[in-house]
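*Asks:* Please find work.cif (mmCIF, C-alpha atoms and all ligand atoms) on the next line:
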```
data_upload
#
loop_
_atom_site.label_atom_id
_atom_site.label_comp_id
_atom_site.auth_asym_id
_atom_site.auth_seq_id
_atom_site.Cartn_x
_atom_site.Cartn_y
_atom_site.Cartn_z
CA MET S 1 103.35 92.30 82.53
CA ASP S 2 101.49 93.96 79.64
CA THR S 3 97.70 94.25 79.33
CA SER S 4 97.37 91.09 77.22
CA GLN S 5 99.29 89.03 79.82
CA LEU S 6 97.14 90.56 82.57
CA MET S 7 94.05 89.49 80.64
CA GLU S 8 95.30 85.90 80.49
CA SER S 9 95.99 85.62 84.21
CA GLN S 10 94.01 83.28 86.40
CA ILE S 11 92.83 84.62 89.76
CA ALA S 12 91.40 82.32 92.42
CA PHE S 13 89.34 83.59 95.37
CA LEU S 14 89.40 81.79 98.67
CA GLY S 15 86.14 83.03 100.19
CA ALA S 16 83.28 84.49 98.15
CA GLY S 17 81.84 86.99 100.63
CA ASN S 18 81.38 90.76 100.49
CA MET S 19 84.95 91.75 99.65
CA ALA S 20 85.57 88.96 97.13
CA SER S 21 82.30 89.81 95.36
CA ALA S 22 83.16 93.53 95.28
CA ILE S 23 86.61 92.78 93.82
CA ILE S 24 85.21 90.31 91.27
CA ASN S 25 82.61 92.84 90.11
CA GLY S 26 85.35 95.46 89.85
CA LEU S 27 87.61 93.13 87.83
CA LEU S 28 84.76 92.27 85.45
CA ALA S 29 84.03 95.99 85.03
CA THR S 30 87.69 96.66 84.15
CA GLY S 31 87.68 94.04 81.38
CA PHE S 32 88.62 90.74 83.09
CA SER S 33 86.68 87.76 81.77
CA PRO S 34 84.70 85.45 84.09
CA ARG S 35 86.84 82.63 82.59
CA GLN S 36 89.89 84.15 84.36
CA LEU S 37 88.23 84.02 87.75
CA ARG S 38 87.37 81.17 90.10
CA ALA S 39 86.23 80.95 93.70
CA THR S 40 85.70 78.55 96.53
CA ASP S 41 83.46 79.06 99.55
CA PRO S 42 81.73 76.54 101.83
CA SER S 43 78.51 78.47 101.33
CA GLU S 44 76.55 77.63 98.13
CA LYS S 45 74.60 80.86 98.67
CA ALA S 46 77.80 82.95 98.45
CA LEU S 47 78.73 81.19 95.19
CA GLU S 48 75.27 81.77 93.68
CA GLY S 49 75.92 85.51 93.40
CA LEU S 50 79.09 84.83 91.41
CA ARG S 51 77.30 82.39 89.10
CA ALA S 52 74.91 85.24 88.33
CA VAL S 53 77.78 87.40 87.01
CA GLY S 54 78.96 84.65 84.65
CA MET S 55 81.57 82.77 86.68
CA GLU S 56 81.61 79.02 86.14
CA GLN S 57 84.66 77.82 88.08
CA LEU S 58 82.96 77.76 91.47
CA SER S 59 83.34 75.14 94.16
CA THR S 60 82.48 74.51 97.78
CA SER S 61 85.83 72.75 98.29
CA PRO S 62 89.29 74.18 97.55
CA GLU S 63 90.69 70.98 95.92
CA ARG S 64 91.19 72.24 92.35
CA LEU S 65 91.04 75.96 93.18
CA CYS S 66 94.69 76.70 92.64
CA ASP S 67 95.53 74.51 89.62
CA GLY S 68 97.20 76.94 87.20
CA ALA S 69 96.23 80.01 89.24
CA ASP S 70 98.60 83.00 89.11
CA LEU S 71 97.16 84.70 92.18
CA ILE S 72 95.13 83.39 95.09
CA VAL S 73 93.15 86.12 96.84
CA ALA S 74 92.49 85.09 100.44
CA ALA S 75 89.26 86.91 101.32
CA VAL S 76 88.08 85.16 104.48
CA LYS S 77 87.72 86.63 107.97
CA PRO S 78 91.07 86.84 109.81
CA GLN S 79 90.05 84.18 112.34
CA MET S 80 89.26 81.74 109.49
CA MET S 81 92.52 82.31 107.59
CA SER S 82 94.65 79.47 109.00
CA ALA S 83 91.89 76.91 108.46
CA ALA S 84 91.17 78.24 104.96
CA LEU S 85 94.84 78.04 103.90
CA ALA S 86 95.46 74.61 105.47
CA PRO S 87 94.31 72.57 102.40
CA LEU S 88 96.68 74.63 100.20
CA LYS S 89 99.75 74.38 102.44
CA ASN S 90 102.89 73.39 100.47
CA LYS S 91 100.75 72.65 97.40
CA LEU S 92 101.63 75.86 95.51
CA GLY S 93 104.98 76.64 93.96
CA PRO S 94 106.53 80.09 93.46
CA ASP S 95 104.49 80.65 90.25
CA ALA S 96 101.34 81.40 92.26
CA ALA S 97 101.32 84.28 94.75
CA LEU S 98 99.03 84.64 97.75
CA LEU S 99 97.31 88.00 98.28
CA SER S 100 95.71 88.31 101.72
CA ILE S 101 93.14 91.07 102.20
CA ALA S 102 92.48 90.07 105.82
CA ALA S 103 93.20 92.89 108.22
CA GLY S 104 96.10 92.44 110.59
CA ILE S 105 97.58 89.02 109.72
CA PRO S 106 101.38 89.39 109.37
CA ILE S 107 103.30 87.99 106.38
CA ALA S 108 105.19 85.57 108.66
CA SER S 109 101.94 83.99 109.81
CA LEU S 110 100.54 83.79 106.25
CA GLN S 111 103.84 82.33 105.04
CA GLN S 112 103.67 79.65 107.70
CA ASP S 113 100.09 78.78 106.73
CA ILE S 114 100.69 78.59 102.96
CA GLY S 115 104.24 77.13 102.99
CA GLU S 116 107.64 78.74 102.42
CA SER S 117 107.84 78.49 98.62
CA THR S 118 104.79 80.66 97.85
CA PRO S 119 105.31 84.43 97.56
CA VAL S 120 102.99 86.42 99.82
CA ILE S 121 101.47 89.89 99.43
CA ARG S 122 99.58 91.55 102.24
CA CYS S 123 96.89 94.15 101.68
CA MET S 124 95.32 96.67 104.05
CA PRO S 125 92.06 97.67 102.37
CA ASN S 126 89.19 99.74 103.74
CA THR S 127 85.40 99.41 103.64
CA PRO S 128 84.66 101.93 100.83
CA ALA S 129 86.10 99.17 98.60
CA MET S 130 82.56 97.79 98.78
CA ILE S 131 81.47 100.65 96.46
CA GLY S 132 84.67 100.82 94.38
CA LYS S 133 86.06 103.77 96.39
CA GLY S 134 88.56 101.88 98.52
CA ALA S 135 92.07 102.91 99.52
CA SER S 136 94.38 99.88 99.72
CA ALA S 137 98.02 99.58 100.68
CA LEU S 138 100.08 96.59 99.56
CA TYR S 139 103.27 95.11 100.94
CA ALA S 140 105.10 92.32 99.11
CA SER S 141 107.60 89.86 100.54
CA GLU S 142 110.96 89.60 98.72
CA GLN S 143 109.95 86.49 96.78
CA VAL S 144 107.16 88.32 94.94
CA THR S 145 107.93 88.98 91.25
CA GLU S 146 107.18 92.17 89.34
CA SER S 147 104.35 90.54 87.36
CA GLN S 148 102.81 89.19 90.59
CA ARG S 149 102.92 92.72 92.01
CA GLN S 150 101.17 94.05 88.91
CA LEU S 151 98.46 91.42 89.14
CA ALA S 152 97.89 92.15 92.86
CA GLU S 153 97.65 95.85 92.05
CA ALA S 154 95.07 95.15 89.32
CA VAL S 155 92.99 93.37 91.98
CA THR S 156 93.04 96.24 94.48
CA ASN S 157 92.69 98.88 91.75
CA ALA S 158 89.44 97.13 90.78
CA VAL S 159 87.91 98.46 94.04
CA GLY S 160 89.63 101.85 94.30
CA MET S 161 93.19 103.18 94.54
CA THR S 162 96.38 101.40 95.61
CA VAL S 163 99.67 102.43 97.21
CA TRP S 164 102.70 100.23 97.96
CA VAL S 165 104.62 100.45 101.22
CA ALA S 166 108.29 99.48 101.47
CA GLU S 167 108.12 97.97 104.97
CA GLU S 168 105.50 95.72 106.49
CA SER S 169 105.44 97.78 109.71
CA LEU S 170 104.10 100.74 107.69
CA LEU S 171 100.84 98.81 107.25
CA ASP S 172 100.11 99.74 110.88
CA ALA S 173 100.34 103.42 109.90
CA VAL S 174 98.10 102.67 106.91
CA THR S 175 95.62 100.99 109.24
CA ALA S 176 95.61 104.16 111.35
CA VAL S 177 95.08 106.48 108.37
CA SER S 178 92.88 104.69 105.82
CA GLY S 179 91.99 101.27 107.30
CA SER S 180 90.24 102.73 110.35
CA GLY S 181 89.93 106.14 108.68
CA PRO S 182 86.34 105.76 107.47
CA ALA S 183 85.23 105.59 111.13
CA TYR S 184 86.87 108.97 111.91
CA PHE S 185 85.01 110.58 109.01
CA PHE S 186 81.73 108.87 110.03
CA ALA S 187 82.24 110.26 113.56
CA LEU S 188 82.77 113.78 112.14
CA ILE S 189 79.68 113.44 109.93
CA GLU S 190 77.65 112.34 112.97
CA ALA S 191 78.96 115.21 115.12
CA VAL S 192 78.33 117.95 112.53
CA THR S 193 74.85 116.52 111.77
CA ARG S 194 74.00 116.46 115.49
CA ALA S 195 75.21 120.04 115.93
CA GLY S 196 73.18 121.19 112.91
CA THR S 197 70.09 119.54 114.39
CA GLN S 198 70.70 121.37 117.69
CA LEU S 199 70.62 124.63 115.68
CA GLY S 200 67.13 123.80 114.40
CA LEU S 201 67.68 121.90 111.12
CA SER S 202 65.73 118.68 110.68
CA PRO S 203 67.96 115.59 111.12
CA GLU S 204 67.39 114.70 107.43
CA THR S 205 68.40 118.15 106.20
CA ALA S 206 71.42 118.33 108.54
CA LEU S 207 72.61 114.90 107.36
CA ALA S 208 72.09 115.66 103.67
CA LEU S 209 74.02 118.96 103.94
CA THR S 210 76.83 117.36 105.97
CA LEU S 211 77.24 114.39 103.62
CA GLN S 212 77.32 116.53 100.47
CA THR S 213 79.79 118.89 102.15
CA ALA S 214 82.07 115.96 103.06
CA ILE S 215 81.90 114.55 99.52
CA GLY S 216 82.38 118.01 97.96
CA ALA S 217 85.32 118.93 100.21
CA ALA S 218 87.08 115.59 99.56
CA GLU S 219 86.57 115.81 95.79
CA LEU S 220 87.63 119.46 95.68
CA ALA S 221 90.80 118.62 97.63
CA GLN S 222 91.51 115.65 95.34
CA ARG S 223 91.02 117.58 92.10
CA SER S 224 92.57 120.87 93.18
CA GLU S 225 96.17 121.75 92.41
CA VAL S 226 96.51 123.95 95.51
CA PRO S 227 97.32 122.37 98.90
CA VAL S 228 94.48 121.43 101.28
CA ALA S 229 95.67 124.10 103.76
CA LYS S 230 95.21 126.75 101.05
CA LEU S 231 91.68 125.51 100.33
CA ARG S 232 90.94 125.86 104.04
CA GLU S 233 92.39 129.38 104.12
CA ASN S 234 90.30 130.29 101.06
CA VAL S 235 87.05 129.71 102.99
CA THR S 236 88.34 131.45 106.14
CA SER S 237 87.93 135.22 105.90
CA PRO S 238 89.52 137.13 108.80
CA GLY S 239 86.89 137.83 111.45
CA GLY S 240 84.34 135.72 109.58
CA THR S 241 82.17 132.72 110.42
CA THR S 242 84.60 129.93 109.44
CA GLU S 243 87.40 131.53 111.45
CA GLU S 244 85.16 131.51 114.51
CA ALA S 245 84.58 127.76 114.01
CA LEU S 246 88.28 127.02 113.48
CA VAL S 247 89.19 128.94 116.65
CA ALA S 248 86.78 126.69 118.57
CA LEU S 249 88.44 123.60 117.02
CA ARG S 250 91.87 124.91 118.03
CA GLU S 251 90.68 125.63 121.58
CA GLY S 252 89.41 122.05 121.73
CA ARG S 253 92.86 120.81 120.60
CA PHE S 254 91.40 119.29 117.43
CA ASP S 255 94.79 118.54 115.80
CA ALA S 256 96.19 117.00 118.97
CA VAL S 257 93.10 114.81 119.49
CA ILE S 258 93.26 113.52 115.91
CA ALA S 259 97.01 112.90 116.18
CA GLU S 260 96.48 110.94 119.41
CA ALA S 261 93.64 108.89 117.86
CA VAL S 262 95.75 107.97 114.81
CA ARG S 263 98.80 107.17 116.97
CA ARG S 264 96.82 104.90 119.28
CA CYS S 265 95.20 103.15 116.34
CA ALA S 266 98.62 102.34 114.85
CA GLU S 267 99.87 101.16 118.26
CA ARG S 268 96.86 98.84 118.59
CA ALA S 269 97.45 97.48 115.07
CA THR S 270 101.03 96.63 116.05
CA THR S 271 99.88 94.87 119.24
CA LEU S 272 97.20 92.86 117.43
CA GLY S 273 99.71 91.87 114.73
CA GLU S 274 102.11 90.61 117.41
CA GLU S 275 99.32 88.54 118.95
CA PHE S 276 98.72 86.90 115.55
CA GLY S 277 102.39 86.21 114.91
N1 LIG E 301 84.15 94.14 104.26
C1 LIG E 301 85.05 95.07 104.04
O1 LIG E 301 84.75 96.15 103.55
C2 LIG E 301 86.50 94.80 104.38
C3 LIG E 301 87.37 95.88 104.45
C4 LIG E 301 88.70 95.62 104.75
C5 LIG E 301 89.13 94.32 104.94
N2 LIG E 301 88.27 93.29 104.83
C6 LIG E 301 88.79 91.95 105.03
O2 LIG E 301 88.31 91.14 103.97
C7 LIG E 301 88.12 89.82 104.45
C8 LIG E 301 86.77 89.34 103.98
O3 LIG E 301 85.76 90.19 104.53
P1 LIG E 301 84.25 90.07 104.03
O4 LIG E 301 83.52 91.24 104.57
O5 LIG E 301 84.22 89.80 102.57
O6 LIG E 301 83.80 88.74 104.82
P2 LIG E 301 82.59 87.75 104.49
O7 LIG E 301 81.51 88.45 103.72
O8 LIG E 301 82.25 87.05 105.77
O9 LIG E 301 83.25 86.71 103.48
C9 LIG E 301 84.09 85.67 103.86
C10 LIG E 301 83.61 84.43 103.13
O10 LIG E 301 84.58 83.39 103.32
C11 LIG E 301 83.88 82.19 103.55
N3 LIG E 301 84.74 81.19 104.20
C12 LIG E 301 84.84 80.86 105.52
N4 LIG E 301 85.74 79.87 105.66
C13 LIG E 301 86.21 79.56 104.43
C14 LIG E 301 87.15 78.61 103.94
N5 LIG E 301 87.79 77.77 104.77
N6 LIG E 301 87.40 78.57 102.61
C15 LIG E 301 86.77 79.40 101.77
N7 LIG E 301 85.85 80.32 102.18
C16 LIG E 301 85.59 80.41 103.49
C17 LIG E 301 82.71 82.62 104.40
O11 LIG E 301 81.73 81.62 104.41
P3 LIG E 301 80.76 81.52 105.73
O12 LIG E 301 79.98 82.79 105.75
O13 LIG E 301 79.95 80.30 105.43
O14 LIG E 301 81.69 81.39 106.90
C18 LIG E 301 82.27 83.89 103.67
O15 LIG E 301 81.38 83.60 102.61
C19 LIG E 301 88.24 89.88 105.98
O16 LIG E 301 89.44 89.24 106.37
C20 LIG E 301 88.28 91.35 106.31
O17 LIG E 301 89.20 91.61 107.36
C21 LIG E 301 86.94 93.52 104.58
#
```
Please re-express this file's structure in structure tokens.
Ligand SMILES: NC(=O)c1ccc[n+]([C@@H]2O[C@H](COP(=O)([O-])OP(=O)(O)OC[C@H]3O[C@@H](n4cnc5c(N)ncnc54)[C@H](OP(=O)(O)O)[C@@H]3O)[C@@H](O)[C@H]2O)c1
*Replies:*
Amino acid sequence: MDTSQLMESQIAFLGAGNMASAIINGLLATGFSPRQLRATDPSEKALEGLRAVGMEQLSTSPERLCDGADLIVAAVKPQMMSAALAPLKNKLGPDAALLSIAAGIPIASLQQDIGESTPVIRCMPNTPAMIGKGASALYASEQVTESQRQLAEAVTNAVGMTVWVAEESLLDAVTAVSGSGPAYFFALIEAVTRAGTQLGLSPETALALTLQTAIGAAELAQRSEVPVAKLRENVTSPGGTTEEALVALREGRFDAVIAEAVRRCAERATTLGEEFG
């Protein structure tokens, strides 16, 4: 699919809440026209925000939502998904793909809800998508065509970066790394801020320094051509202050604790997925 075909695609949003609005704003910022986008949501208030950015195809009922749509983005809470897809069941052919951004709902369950003939793509996004800094992983069922994959990727790229995984089960690993990942970094930010406060900094100063350090370290690692381990070594002079801190982390089994947290997160994602299925 080339850029001109992408710019003629029709994308329908089922649910016009936080995530749908963030994606729509991202798509508009990357050159999509409001005429390519439509949305349905039982809440008039949710639709109002989209009217304000120029969208006209807005409805409180899903009746005409999918007529001629190339991609339907299901952006409702996981517990609402079956009910939201029910009016569309067996109404779409293979020309329209379903992209679910709801955490944890397996392809098999989505396929059952939408009907067998519609290709399904599952996405594991994360909350920084709300500010265009998301990390999303996509998994496509076999029926999904190359151009449907490209359109789905344009949607997730509108709120950050996208990777594809080759097996659905890998989405549990993605959940453990990036889906739940923001919480690990928030916990670290809280812990360092608290420790800085205990050393006498004001809470505001400790938080400001910690946040900027987190942003700076992440951006430096992203832009740098040397491995992250080398960047760490570069700030760790033998016998110096950073080394003292890293020794304390090692004594506290930092790596093992993180590994255990990520492993248990993935295990929980698998269990919750099985409960859905
Ligand atoms: N927020 C994030 O950063 C984030 C990150 C990762 C994944 N996600 C996933 O993204 C999905 C959406 O999250 P969100 O934060 O955008 O939720 P949200 O703000 O609650 O938006 C969901 C919207 O869907 C509407 N809705 C409910 N039933 C519907 C139906 N049958 N048909 C059409 N619309 C319906 C809701 O209306 P009412 O309010 O009237 O019910 C609401 O406006 C969730 O599945 C979540 O797991 C979100």
*Asks:* May I have a table of the residues of chain S lying at most 10 Å from ligand LIG 301 (chain E), giving each one's closest pair of atoms and their distance in Å to one decimal, counting only C-alpha atoms and all ligand atoms, ordered by chain and ascending residue number, as CSV?
*Replies:*
```
residue,atom,partner,partner_atom,distance
S:Phe13,CA,E:LIG301,C15,8.1
S:Leu14,CA,E:LIG301,C15,4.7
S:Gly15,CA,E:LIG301,N7,3.4
S:Ala16,CA,E:LIG301,O15,4.9
S:Gly17,CA,E:LIG301,O9,3.2
S:Asn18,CA,E:LIG301,O5,3.6
S:Met19,CA,E:LIG301,O5,3.6
S:Ala20,CA,E:LIG301,O5,5.7
S:Ser21,CA,E:LIG301,O5,7.5
S:Ala22,CA,E:LIG301,O5,8.3
S:Ile23,CA,E:LIG301,O5,9.5
S:Ala39,CA,E:LIG301,C15,8.2
S:Thr40,CA,E:LIG301,C15,5.4
S:Asp41,CA,E:LIG301,N7,3.8
S:Pro42,CA,E:LIG301,O13,5.5
S:Ser43,CA,E:LIG301,O13,4.7
S:Glu44,CA,E:LIG301,O13,8.5
S:Lys45,CA,E:LIG301,O15,8.3
S:Ala46,CA,E:LIG301,O15,5.5
S:Leu47,CA,E:LIG301,O15,8.2
S:Ser59,CA,E:LIG301,C15,9.4
S:Thr60,CA,E:LIG301,C15,7.6
S:Ser61,CA,E:LIG301,N6,7.4
S:Pro62,CA,E:LIG301,N6,7.0
S:Val73,CA,E:LIG301,C7,9.8
S:Ala74,CA,E:LIG301,C7,7.6
S:Ala75,CA,E:LIG301,C8,4.4
S:Val76,CA,E:LIG301,C9,4.1
S:Lys77,CA,E:LIG301,O16,3.5
S:Pro78,CA,E:LIG301,O16,4.5
S:Gln79,CA,E:LIG301,O16,7.8
S:Met80,CA,E:LIG301,N4,5.5
S:Met81,CA,E:LIG301,N5,7.1
S:Ser82,CA,E:LIG301,N5,8.2
S:Ala83,CA,E:LIG301,N5,5.6
S:Ala84,CA,E:LIG301,N5,3.4
S:Leu85,CA,E:LIG301,N5,7.1
S:Ala86,CA,E:LIG301,N5,8.3
S:Pro87,CA,E:LIG301,N5,8.7
S:Ser100,CA,E:LIG301,O16,7.9
S:Ile101,CA,E:LIG301,O2,5.1
S:Ala102,CA,E:LIG301,O16,3.2
S:Ala103,CA,E:LIG301,O17,4.3
S:Gly104,CA,E:LIG301,O17,7.7
S:Ile105,CA,E:LIG301,O16,8.8
S:Cys123,CA,E:LIG301,C5,8.4
S:Met124,CA,E:LIG301,C5,6.7
S:Pro125,CA,E:LIG301,C4,4.6
S:Asn126,CA,E:LIG301,C4,4.3
S:Thr127,CA,E:LIG301,O1,3.3
S:Pro128,CA,E:LIG301,O1,6.4
S:Ala129,CA,E:LIG301,O1,6.0
S:Met130,CA,E:LIG301,O1,5.5
S:Ile131,CA,E:LIG301,O1,9.0
S:Gly134,CA,E:LIG301,C3,8.5
S:Ala135,CA,E:LIG301,C4,9.6
S:Ser136,CA,E:LIG301,C4,8.7
S:Thr175,CA,E:LIG301,C4,9.8
S:Gly179,CA,E:LIG301,C4,7.0
S:Ser180,CA,E:LIG301,C4,9.2
```
*Asks:* So, counting all atoms listed in the file, which residue among S:Ile24, S:Ala217, S:Leu188, S:Leu88 is closest to Thr156 (chain S)?
*Replies:*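 When distances to Thr156 (chain S) are compared using all atoms listed in the file, the smallest one comes from S:Ile24.
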*Asks:* With only C-alpha atoms as the atoms that count, which of S:Ile72, S:Ala108, S:Ala96, S:Ala154 lies nearest to Phe32 (chain S)?
*Replies:* S:Ala154
*Asks:* Work out how far apart CA of Arg264 (chain S) and CA of Gly181 (chain S) are and give it in Å to one decimal.
*Replies:*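 Spanning CA of Arg264 (chain S) to CA of Gly181 (chain S) is a straight-line distance of 12.7 Å.
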*Asks:* Using all atoms listed in the file, which of S:Met7, S:Thr118, S:Glu190, S:Glu63 sits nearest Glu204 (chain S)?
*Replies:*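 Answer, going by the shortest atom-to-atom distance: S:Glu190.
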*Asks:* Which residue out of S:Thr145, S:Thr236, S:Thr271, S:Gln36 has the minimum interatomic distance to Gly68 (chain S) when only C-alpha atoms are used?
*Replies:* S:Gln36
*Asks:* Between S:Lys89, S:Gly132, S:Phe254, S:Tyr139, which one has atoms that come closest to Ile107 (chain S), using all atoms listed in the file?
*Replies:*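 Smallest separation from Ile107 (chain S) among the options: S:Tyr139.
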*Asks:* Quick one: pull the distance between CA of Gly93 (chain S) and CA of Ala152 (chain S), Å, one decimal.
*Replies:* 17.1 Å
